[in-house]
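File shown: target.cif (mmCIF, C-alpha atoms).
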data_input
#
loop_
_atom_site.label_atom_id
_atom_site.label_comp_id
_atom_site.auth_asym_id
_atom_site.auth_seq_id
_atom_site.Cartn_x
_atom_site.Cartn_y
_atom_site.Cartn_z
CA MET A 19 -6.34 -5.47 0.51
CA ARG A 20 -6.26 -5.03 -3.25
CA ARG A 21 -8.76 -7.00 -5.26
CA THR A 22 -8.33 -7.44 -8.97
CA ALA A 23 -11.69 -7.04 -10.60
CA SER A 24 -12.57 -10.17 -12.51
CA LEU A 25 -15.29 -11.36 -14.80
CA THR A 26 -18.09 -13.05 -12.84
CA VAL A 27 -19.91 -14.43 -15.89
CA PRO A 28 -17.54 -16.23 -18.29
CA ILE A 29 -18.13 -16.11 -22.04
CA GLY A 30 -20.98 -18.48 -22.83
CA PRO A 31 -23.55 -19.39 -25.45
CA ARG A 32 -25.61 -16.25 -24.78
CA ASP A 33 -22.72 -13.98 -25.77
CA HIS A 34 -21.97 -12.39 -29.11
CA VAL A 35 -18.56 -13.79 -29.90
CA LEU A 36 -15.96 -13.47 -32.65
CA GLY A 37 -13.06 -15.93 -32.81
CA PRO A 38 -12.63 -19.56 -31.80
CA ASP A 39 -13.58 -21.01 -28.38
CA ASN A 40 -10.09 -22.44 -27.92
CA ALA A 41 -8.25 -19.17 -28.53
CA PRO A 42 -5.53 -18.56 -25.91
CA VAL A 43 -6.77 -15.03 -25.23
CA SER A 44 -10.33 -13.95 -24.51
CA MET A 45 -11.32 -10.31 -24.47
CA VAL A 46 -14.71 -9.13 -23.26
CA GLU A 47 -15.79 -5.54 -23.83
CA TYR A 48 -18.57 -3.84 -21.90
CA GLY A 49 -19.63 -0.95 -24.09
CA ASP A 50 -22.23 1.71 -24.78
CA PHE A 51 -23.05 2.64 -28.39
CA GLU A 52 -23.48 6.31 -27.51
CA CYS A 53 -20.27 6.64 -25.50
CA PRO A 54 -17.64 8.59 -27.46
CA PHE A 55 -14.79 6.71 -25.76
CA CYS A 56 -16.29 3.41 -26.92
CA GLY A 57 -16.53 4.92 -30.38
CA GLN A 58 -12.83 5.77 -30.25
CA ALA A 59 -12.02 2.23 -29.13
CA TYR A 60 -14.12 0.62 -31.86
CA PRO A 61 -11.64 0.83 -34.77
CA ILE A 62 -8.81 -0.15 -32.42
CA VAL A 63 -10.67 -3.27 -31.33
CA ALA A 64 -11.50 -4.07 -34.96
CA GLU A 65 -7.80 -3.85 -35.82
CA LEU A 66 -6.86 -6.08 -32.88
CA ILE A 67 -9.42 -8.68 -33.93
CA GLN A 68 -7.91 -8.65 -37.39
CA ARG A 69 -4.34 -8.85 -36.14
CA TYR A 70 -4.84 -11.67 -33.65
CA GLY A 71 -7.25 -13.73 -35.76
CA ASN A 72 -7.63 -17.21 -34.33
CA ARG A 73 -5.46 -16.38 -31.33
CA MET A 74 -8.15 -14.19 -29.78
CA ARG A 75 -11.81 -14.58 -28.92
CA TYR A 76 -13.77 -11.33 -28.52
CA ALA A 77 -17.18 -10.85 -26.91
CA PHE A 78 -19.26 -7.70 -26.66
CA ARG A 79 -21.65 -7.01 -23.78
CA HIS A 80 -23.94 -4.04 -23.21
CA PHE A 81 -23.32 -1.41 -20.57
CA PRO A 82 -25.57 1.52 -21.52
CA LEU A 83 -25.11 4.56 -19.27
CA ALA A 84 -28.68 5.50 -20.00
CA THR A 85 -28.96 8.63 -17.87
CA ALA A 86 -25.92 10.21 -19.49
CA HIS A 87 -26.71 8.82 -22.95
CA PRO A 88 -30.41 8.98 -23.80
CA TYR A 89 -30.17 6.80 -26.93
CA ALA A 90 -27.82 4.15 -25.55
CA GLU A 91 -30.44 1.77 -24.18
CA LYS A 92 -32.50 1.54 -27.36
CA ALA A 93 -29.34 1.29 -29.44
CA ALA A 94 -28.30 -1.73 -27.36
CA GLU A 95 -31.74 -3.25 -27.82
CA ALA A 96 -31.51 -2.57 -31.56
CA ALA A 97 -28.27 -4.55 -31.70
CA GLU A 98 -30.03 -7.41 -29.89
CA ALA A 99 -33.04 -7.18 -32.19
CA ALA A 100 -30.66 -7.46 -35.14
CA GLY A 101 -28.95 -10.33 -33.33
CA ALA A 102 -32.29 -12.12 -33.07
CA GLN A 103 -32.27 -12.07 -36.88
CA GLY A 104 -28.65 -13.23 -37.09
CA LYS A 105 -27.13 -9.78 -37.74
CA PHE A 106 -25.78 -8.57 -34.42
CA TRP A 107 -22.34 -7.61 -35.70
CA GLU A 108 -23.70 -5.83 -38.78
CA MET A 109 -25.80 -3.59 -36.52
CA HIS A 110 -22.98 -3.24 -33.97
CA ASN A 111 -20.70 -1.90 -36.71
CA ILE A 112 -23.30 0.55 -38.00
CA LEU A 113 -24.08 1.88 -34.51
CA TYR A 114 -20.45 2.49 -33.64
CA THR A 115 -19.86 4.33 -36.91
CA HIS A 116 -23.04 6.46 -36.57
CA GLN A 117 -22.86 7.51 -32.94
CA ASP A 118 -24.26 10.95 -33.72
CA ALA A 119 -27.53 9.51 -35.06
CA LEU A 120 -29.04 6.87 -32.78
CA ASP A 121 -32.60 8.16 -32.59
CA PRO A 122 -35.46 5.70 -33.27
CA ASP A 123 -35.87 6.73 -36.94
CA SER A 124 -32.18 6.23 -37.59
CA LEU A 125 -32.25 2.80 -35.95
CA THR A 126 -35.06 1.74 -38.27
CA GLU A 127 -33.12 3.11 -41.23
CA TYR A 128 -30.07 1.03 -40.25
CA ALA A 129 -32.26 -2.05 -39.86
CA ALA A 130 -33.45 -1.50 -43.43
CA THR A 131 -29.92 -1.19 -44.79
CA ILE A 132 -29.03 -4.64 -43.45
CA ASP A 133 -32.29 -6.15 -44.72
CA LEU A 134 -33.88 -6.99 -41.40
CA ASP A 135 -37.52 -7.96 -41.14
CA LEU A 136 -38.62 -4.40 -40.34
CA PRO A 137 -42.04 -5.02 -38.78
CA ARG A 138 -40.45 -7.52 -36.42
CA PHE A 139 -37.54 -5.20 -35.61
CA THR A 140 -39.74 -2.19 -34.82
CA ARG A 141 -42.20 -4.27 -32.80
CA GLU A 142 -39.39 -5.80 -30.70
CA LEU A 143 -37.91 -2.36 -30.04
CA ALA A 144 -41.28 -0.82 -29.15
CA GLU A 145 -42.14 -3.68 -26.79
CA GLY A 146 -38.69 -3.75 -25.19
CA VAL A 147 -38.37 -7.47 -25.97
CA HIS A 148 -34.59 -7.33 -25.51
CA ALA A 149 -34.47 -4.94 -22.53
CA LEU A 150 -34.03 -7.74 -20.01
CA ARG A 151 -31.12 -9.17 -21.95
CA VAL A 152 -29.42 -5.75 -21.98
CA ARG A 153 -30.03 -5.40 -18.23
CA GLU A 154 -28.49 -8.84 -17.64
CA ASP A 155 -25.33 -7.71 -19.39
CA PHE A 156 -25.33 -4.50 -17.34
CA ARG A 157 -25.73 -6.43 -14.06
CA SER A 158 -22.99 -8.92 -14.91
CA GLY A 159 -20.81 -5.90 -15.68
CA ILE A 160 -21.48 -4.25 -12.33
CA ARG A 161 -20.71 -7.49 -10.47
CA SER A 162 -17.48 -7.89 -12.44
CA GLY A 163 -16.23 -4.43 -11.54
CA VAL A 164 -17.02 -2.56 -14.73
CA ASN A 165 -16.12 1.01 -13.83
CA GLY A 166 -16.96 2.91 -16.96
CA THR A 167 -17.18 2.43 -20.67
CA PRO A 168 -15.49 0.89 -22.40
CA SER A 169 -14.28 -1.71 -19.89
CA PHE A 170 -12.18 -4.60 -21.13
CA PHE A 171 -11.56 -7.94 -19.45
CA ILE A 172 -8.62 -9.92 -20.78
CA ASN A 173 -8.62 -13.58 -19.83
CA GLY A 174 -11.09 -12.71 -17.10
CA PHE A 175 -9.31 -9.77 -15.47
CA ARG A 176 -10.21 -6.12 -15.84
CA HIS A 177 -7.72 -4.19 -17.94
CA ASP A 178 -6.99 -1.06 -15.92
CA GLY A 179 -4.66 0.53 -18.44
CA GLY A 180 -5.55 2.69 -21.42
CA TYR A 181 -7.22 1.41 -24.54
CA ASP A 182 -5.09 2.72 -27.32
CA TYR A 183 -3.79 0.13 -29.76
CA ALA A 184 -0.35 -0.33 -28.18
CA GLU A 185 -1.60 -0.79 -24.63
CA LEU A 186 -4.34 -3.25 -25.53
CA ALA A 187 -2.03 -5.19 -27.83
CA ALA A 188 0.57 -5.42 -25.05
CA ALA A 189 -2.06 -6.72 -22.61
CA ILE A 190 -3.25 -9.28 -25.15
CA GLU A 191 0.31 -10.43 -25.86
CA ALA A 192 1.01 -10.77 -22.14
CA ALA A 193 -2.16 -12.79 -21.59
CA GLY A 194 -1.35 -15.08 -24.52
CA ARG A 195 2.11 -16.03 -23.26
CA MET B 9 -9.16 27.65 14.55
CA THR B 10 -11.36 24.59 14.62
CA SER B 11 -10.68 23.20 18.04
CA ALA B 12 -13.12 20.32 18.46
CA PRO B 13 -12.30 18.28 15.33
CA GLU B 14 -8.59 18.84 15.79
CA ALA B 15 -8.81 17.57 19.33
CA MET B 16 -9.96 14.28 17.79
CA ALA B 17 -6.83 12.76 16.32
CA ALA B 18 -7.42 12.11 12.62
CA PRO B 19 -7.11 8.38 11.93
CA ALA B 20 -4.07 7.42 9.89
CA GLY B 21 -6.06 5.32 7.41
CA PRO B 22 -9.68 4.80 6.47
CA LEU B 23 -11.96 4.03 9.39
CA PRO B 24 -12.16 0.24 9.63
CA PRO B 25 -15.24 -1.98 10.00
CA GLY B 26 -16.80 -1.63 13.42
CA ALA B 27 -15.84 2.03 13.90
CA GLN B 28 -18.61 4.51 14.62
CA ALA B 29 -18.98 6.79 11.59
CA PRO B 30 -18.49 10.44 12.60
CA ASP B 31 -21.63 12.51 12.07
CA PHE B 32 -21.48 15.51 9.75
CA THR B 33 -23.59 18.23 8.22
CA LEU B 34 -22.48 19.44 4.79
CA HIS B 35 -23.92 21.57 2.02
CA SER B 36 -25.54 19.66 -0.83
CA THR B 37 -26.58 22.87 -2.59
CA PRO B 38 -25.75 26.50 -1.77
CA ASP B 39 -28.83 26.70 0.50
CA GLN B 40 -29.42 23.10 1.64
CA THR B 41 -27.51 20.81 3.95
CA VAL B 42 -27.50 17.06 4.49
CA SER B 43 -26.58 15.37 7.77
CA LEU B 44 -25.48 11.81 8.23
CA HIS B 45 -27.94 11.37 11.12
CA ASP B 46 -30.82 12.08 8.68
CA PHE B 47 -30.36 8.52 7.50
CA LYS B 48 -30.31 6.69 10.80
CA GLY B 49 -31.98 3.32 10.46
CA GLN B 50 -30.84 2.66 6.91
CA PRO B 51 -27.53 1.76 5.27
CA VAL B 52 -25.53 4.64 3.83
CA ILE B 53 -22.88 4.55 1.11
CA LEU B 54 -20.29 7.33 1.36
CA ALA B 55 -18.35 7.79 -1.86
CA PHE B 56 -15.44 10.19 -1.37
CA TYR B 57 -13.94 11.19 -4.72
CA PRO B 58 -11.15 13.59 -5.67
CA ALA B 59 -12.99 16.09 -7.86
CA ASP B 60 -16.00 16.95 -9.98
CA TRP B 61 -15.55 17.09 -13.75
CA SER B 62 -13.49 13.99 -14.23
CA PRO B 63 -12.81 14.01 -17.96
CA VAL B 64 -14.15 10.58 -18.86
CA CYS B 65 -17.69 9.34 -19.26
CA GLY B 66 -16.60 6.30 -17.31
CA ASP B 67 -16.90 8.66 -14.38
CA GLN B 68 -17.50 7.03 -11.01
CA MET B 69 -20.47 9.22 -10.08
CA VAL B 70 -22.14 8.66 -13.46
CA LEU B 71 -21.72 4.94 -12.96
CA TYR B 72 -23.26 5.04 -9.48
CA ASN B 73 -26.12 7.12 -10.83
CA GLU B 74 -26.96 4.22 -13.15
CA ILE B 75 -26.73 1.71 -10.32
CA LEU B 76 -28.95 3.68 -7.90
CA PRO B 77 -31.87 1.23 -8.31
CA GLU B 78 -29.61 -1.62 -7.16
CA PHE B 79 -28.48 0.40 -4.12
CA ARG B 80 -32.05 1.41 -3.28
CA ALA B 81 -33.12 -2.23 -3.41
CA HIS B 82 -31.05 -2.49 -0.22
CA ASN B 83 -32.74 0.65 1.15
CA ALA B 84 -29.31 2.28 1.01
CA GLU B 85 -28.71 6.00 0.54
CA LEU B 86 -25.76 7.14 -1.57
CA LEU B 87 -23.85 10.33 -0.73
CA GLY B 88 -20.99 11.60 -2.92
CA ILE B 89 -18.43 13.76 -1.11
CA SER B 90 -15.59 15.90 -2.42
CA VAL B 91 -13.87 19.16 -1.51
CA ASP B 92 -15.56 20.99 -4.40
CA GLY B 93 -17.85 23.89 -3.53
CA ALA B 94 -21.63 23.65 -3.61
CA TRP B 95 -21.94 25.70 -6.81
CA CYS B 96 -19.49 23.43 -8.54
CA HIS B 97 -21.44 20.35 -7.37
CA LEU B 98 -24.67 21.92 -8.58
CA ALA B 99 -23.32 22.43 -12.09
CA PHE B 100 -21.72 18.98 -12.16
CA ALA B 101 -24.83 17.18 -10.90
CA HIS B 102 -26.97 19.08 -13.40
CA GLU B 103 -24.72 18.34 -16.35
CA ARG B 104 -24.40 14.64 -15.51
CA LYS B 105 -28.06 14.33 -14.44
CA LEU B 106 -27.09 12.89 -11.06
CA GLN B 107 -29.98 11.84 -8.85
CA PHE B 108 -28.23 11.64 -5.49
CA PRO B 109 -26.68 14.35 -3.28
CA LEU B 110 -23.12 15.56 -3.75
CA LEU B 111 -21.78 17.05 -0.52
CA SER B 112 -19.18 19.81 -0.20
CA ASP B 113 -16.40 19.07 2.27
CA PHE B 114 -15.33 22.61 1.52
CA GLU B 115 -15.02 24.68 4.70
CA PRO B 116 -12.90 23.89 6.59
CA LYS B 117 -11.57 22.08 3.58
CA GLY B 118 -11.54 18.30 3.85
CA GLN B 119 -12.51 18.31 7.51
CA ILE B 120 -14.91 15.38 7.18
CA ALA B 121 -12.55 13.42 4.95
CA LYS B 122 -9.92 13.84 7.69
CA THR B 123 -12.23 12.38 10.36
CA TYR B 124 -12.77 9.36 8.09
CA GLY B 125 -9.01 9.06 7.45
CA VAL B 126 -9.24 9.68 3.72
CA TYR B 127 -7.76 13.15 3.09
CA ARG B 128 -4.82 13.52 0.70
CA LYS B 129 -2.74 16.26 2.20
CA GLY B 130 -0.37 16.96 -0.68
CA ASP B 131 -3.17 17.03 -3.25
CA GLY B 132 -5.71 18.86 -1.14
CA THR B 133 -8.41 16.40 -2.19
CA THR B 134 -10.00 13.34 -0.67
CA GLU B 135 -8.97 9.83 -1.49
CA ARG B 136 -11.16 7.80 -3.80
CA ALA B 137 -12.69 6.00 -0.84
CA LEU B 138 -15.85 4.03 -0.19
CA PHE B 139 -17.63 3.38 3.09
CA VAL B 140 -20.74 1.30 3.62
CA LEU B 141 -22.36 2.19 6.94
CA ASP B 142 -24.91 -0.05 8.61
CA ALA B 143 -28.30 1.10 9.91
CA ASP B 144 -26.71 1.98 13.27
CA GLY B 145 -24.15 4.27 11.65
CA ARG B 146 -21.17 1.96 12.07
CA VAL B 147 -18.65 1.26 9.34
CA HIS B 148 -19.48 -2.12 7.81
CA TRP B 149 -16.94 -1.97 4.98
CA SER B 150 -14.39 0.51 3.72
CA TYR B 151 -12.11 0.60 0.72
CA VAL B 152 -9.58 3.05 -0.70
CA SER B 153 -8.93 2.75 -4.40
CA PRO B 154 -5.76 3.96 -6.12
CA VAL B 155 -6.73 7.54 -6.87
CA GLY B 156 -6.65 7.06 -10.64
CA VAL B 157 -8.71 3.87 -10.61
CA ASN B 158 -12.48 4.03 -10.51
CA PRO B 159 -13.36 1.20 -8.09
CA GLY B 160 -16.69 0.33 -9.71
CA ALA B 161 -19.61 -0.83 -7.59
CA ASP B 162 -19.13 -4.54 -7.03
CA GLY B 163 -17.50 -4.03 -3.62
CA ILE B 164 -20.38 -1.83 -2.46
CA LEU B 165 -23.01 -4.36 -3.55
CA THR B 166 -21.16 -7.23 -1.91
CA ALA B 167 -20.96 -5.19 1.31
CA LEU B 168 -24.67 -4.32 1.19
CA GLU B 169 -25.54 -7.98 0.69
CA SER B 170 -23.50 -8.96 3.73
CA LEU B 171 -25.29 -6.52 6.06
CA PRO B 172 -27.44 -8.16 8.71
CA ARG B 173 -31.02 -8.30 7.48
CA GLN B 174 -33.15 -5.49 8.83
CA GLY B 175 -36.72 -5.99 9.90
CA ALA B 176 -39.19 -4.18 7.66
CA ALA B 177 -39.14 -0.55 8.67
#

File written out as structure tokens:
Amino acid sequence: MRRTASLTVPIGPRDHVLGPDNAPVSMVEYGDFECPFCGQAYPIVAELIQRYGNRMRYAFRHFPLATAHPYAEKAAEAAEAAGAQGKFWEMHNILYTHQDALDPDSLTEYAATIDLDLPRFTRELAEGVHALRVREDFRSGIRSGVNGTPSFFINGFRHDGGYDYAELAAAIEAAGR
Amino acid sequence: MTSAPEAMAAPAGPLPPGAQAPDFTLHSTPDQTVSLHDFKGQPVILAFYPADWSPVCGDQMVLYNEILPEFRAHNAELLGISVDGAWCHLAFAHERKLQFPLLSDFEPKGQIAKTYGVYRKGDGTTERALFVLDADGRVHWSYVSPVGVNPGADGILTALESLPRQGAA
């Protein structure tokens, strides 16, 4: 029997979301800031968000493949630490455009460029304050059938096709009909 | 040629729940072997996959490597199996930092996959197939994914959760 993998945790208040709650299409990405394929998808997703505007709601969840990508876990926590200061998306954008430099010093540098409270940011990273939150995303991903990064869920169902612009746009259009 | 296994008719599809899982001994490295009966008394996950060196970092084995703690919480052992040779597995496991054994169903090629009903004749590889075996070595759950689709791990975890509870070992 063929199961279609579907999102077990719907978009909720804990998520980082762009776009209106009543948008006809919801897209959830499970991603890893150190994954080169996620990096390739990043500008495509940004373009889709721009194109669909109020017709699409987009949420990002963490899925760090930490054994393969040694900096992915702390990068995810850095995004959360920025989120705790109201700047999740600013950090998200920096991380995806600086995938070759995600070491601790670079993370602190990025925090400074977006004017975060640096002592708080570095303390939260050192103490792993946001590690549980990242793990929660990871677990919800596993239970939803995330099978690699990036994984996209469109209106709750895993998108098994490619993630170039045309394929994702076609899937979004189909879901919005 | 290999008379004993061929005398056993290969099943037409993946062994279904309830079937006794055929025992095997396969190389995990050029000088070490792993046998299914080594794990008697605990659940075992068999992950047959077509080939090492899948070109994406969304690779199935890399994913399972990350999820090992969740599998081990069920006292389950994970074994990856493909027709690649032991040296190939060694390089692949090293490069991807895999922390579970990869077994070589290499000689005679695909023999174990055939006994589990998951060999792809035309391709000369195994299916992308999952089996969860219970502590008595019986198939509890099996699943064959389209060969190009990484099945993820949710099915495995659901199967492990539905195993009868074992007494503390």

Using all atoms listed in the file, find which residues of chain A lie within 8 Å of chain B and jot them down as a CSV table (one decimal) with C-alpha atoms, in the coordinates of the input.
chain,number,residue,atom,x,y,z
A,53,CYS,CA,-20.3,6.6,-25.5
A,55,PHE,CA,-14.8,6.7,-25.8
A,83,LEU,CA,-25.1,4.6,-19.3
A,84,ALA,CA,-28.7,5.5,-20.0
A,85,THR,CA,-29.0,8.6,-17.9
A,86,ALA,CA,-25.9,10.2,-19.5
A,160,ILE,CA,-21.5,-4.2,-12.3
A,161,ARG,CA,-20.7,-7.5,-10.5
A,162,SER,CA,-17.5,-7.9,-12.4
A,163,GLY,CA,-16.2,-4.4,-11.5
A,164,VAL,CA,-17.0,-2.6,-14.7
A,165,ASN,CA,-16.1,1.0,-13.8
A,166,GLY,CA,-17.0,2.9,-17.0
A,167,THR,CA,-17.2,2.4,-20.7
A,168,PRO,CA,-15.5,0.9,-22.4
A,178,ASP,CA,-7.0,-1.1,-15.9

Query raised in the report: Rounded to one decimal in Å, what is the spacing between atom CA of Glu98 of chain A and atom CA of Ala144 of chain A?
Result: 13.1 Å

Requested in this report: Find the residues near Gly194 of chain A: any atom within 8 Å, counting all atoms listed in the file, skip ones fewer than 4 places away on the same chain, and give them as a PyMOL selection string.
Outcome: chain A and resi 42-43+190

Requested in this report: Rank nothing, just name the residue among B:Pro19, B:Pro30, B:Pro38, B:Gly130 nearest to Ala94 of chain B, using all atoms listed in the file.
Outcome: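 Looking at the shortest contact to Ala94 of chain B, the residue is B:Pro38.
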
Query - Option closest in space to Ile120 of chain B, from B:Phe108, B:Phe47, B:Phe32, B:Trp95 [counting all atoms listed in the file] - result: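 Going through B:Phe108, B:Phe47, B:Phe32, B:Trp95 one by one, the smallest distance to Ile120 of chain B is for B:Phe32.
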
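For the file shown, the residue list from the PyMOL selection byres ((chain B and resi 59) around 9) reads Tyr57, Pro58, Asp60, Trp61, Ser62, Ile89, Ser90, Val91, Asp92, Thr133 and Thr134 of chain B.
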
Requested in this report: Work out how far apart atom CA of Val155 of chain B and atom CA of Arg136 of chain B are and give it in Å to one decimal.
Outcome: 5.4 Å

**Report entry** Residue members of the PyMOL selection byres ((chain B and resi 98) around 10) in the file shown, as a ChimeraX atom specification
**Finding:** /B:36-38,93-97,99-103,106,109-111

Report task. Determine the residue membership of the PyMOL selection byres ((chain A and resi 59) around 10) for the file above and supply it as a ChimeraX atom specification. Result -> /A:49,54-58,60-65,114,167-168,181-183

Would you save the residues of that selection, restricted to C-alpha atoms, as a PDB file, keeping the file's coordinate frame?
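Final file, result10.pdb:
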ATOM      1  CA  GLY A  49     -19.630  -0.950 -24.090  1.00  0.00           C
ATOM      2  CA  PRO A  54     -17.640   8.590 -27.460  1.00  0.00           C
ATOM      3  CA  PHE A  55     -14.790   6.710 -25.760  1.00  0.00           C
ATOM      4  CA  CYS A  56     -16.290   3.410 -26.920  1.00  0.00           C
ATOM      5  CA  GLY A  57     -16.530   4.920 -30.380  1.00  0.00           C
ATOM      6  CA  GLN A  58     -12.830   5.770 -30.250  1.00  0.00           C
ATOM      7  CA  TYR A  60     -14.120   0.620 -31.860  1.00  0.00           C
ATOM      8  CA  PRO A  61     -11.640   0.830 -34.770  1.00  0.00           C
ATOM      9  CA  ILE A  62      -8.810  -0.150 -32.420  1.00  0.00           C
ATOM     10  CA  VAL A  63     -10.670  -3.270 -31.330  1.00  0.00           C
ATOM     11  CA  ALA A  64     -11.500  -4.070 -34.960  1.00  0.00           C
ATOM     12  CA  GLU A  65      -7.800  -3.850 -35.820  1.00  0.00           C
ATOM     13  CA  TYR A 114     -20.450   2.490 -33.640  1.00  0.00           C
ATOM     14  CA  THR A 167     -17.180   2.430 -20.670  1.00  0.00           C
ATOM     15  CA  PRO A 168     -15.490   0.890 -22.400  1.00  0.00           C
ATOM     16  CA  TYR A 181      -7.220   1.410 -24.540  1.00  0.00           C
ATOM     17  CA  ASP A 182      -5.090   2.720 -27.320  1.00  0.00           C
ATOM     18  CA  TYR A 183      -3.790   0.130 -29.760  1.00  0.00           C
TER      19      TYR A 183
END

Report task. Would you be able to write out as a VMD selection string which residues have an atom within 7 Å of (-26.2, 14.6, 9.6) in the file's coordinates, counting all atoms listed in the file? Result -> chain B and resid 31 to 33 42 to 46

**Report entry** Residue contacts of Gly37 of chain A (9 Å, all atoms listed in the file) excluding same-chain residues fewer than 5 positions away, as a PyMOL selection string
**Finding:** chain A and resi 44+67+71-77

Would you kindly return, as a PDB file with C-alpha atoms, in the coordinates of the input, each protein, DNA or RNA residue with an atom no farther than 10 Å from any atom of Lys129 of chain B, considering all atoms listed in the file and excluding same-chain residues fewer than 6 positions away?
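Generated file (out_32.pdb):
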ATOM      1  CA  GLY B 118     -11.540  18.300   3.850  1.00  0.00           C
ATOM      2  CA  LYS B 122      -9.920  13.840   7.690  1.00  0.00           C
ATOM      3  CA  GLU B 135      -8.970   9.830  -1.490  1.00  0.00           C
TER       4      GLU B 135
END

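Reported to one decimal place, the separation of atom CA of Arg141 of chain A from atom CA of Tyr48 of chain A is 26.0 Å.
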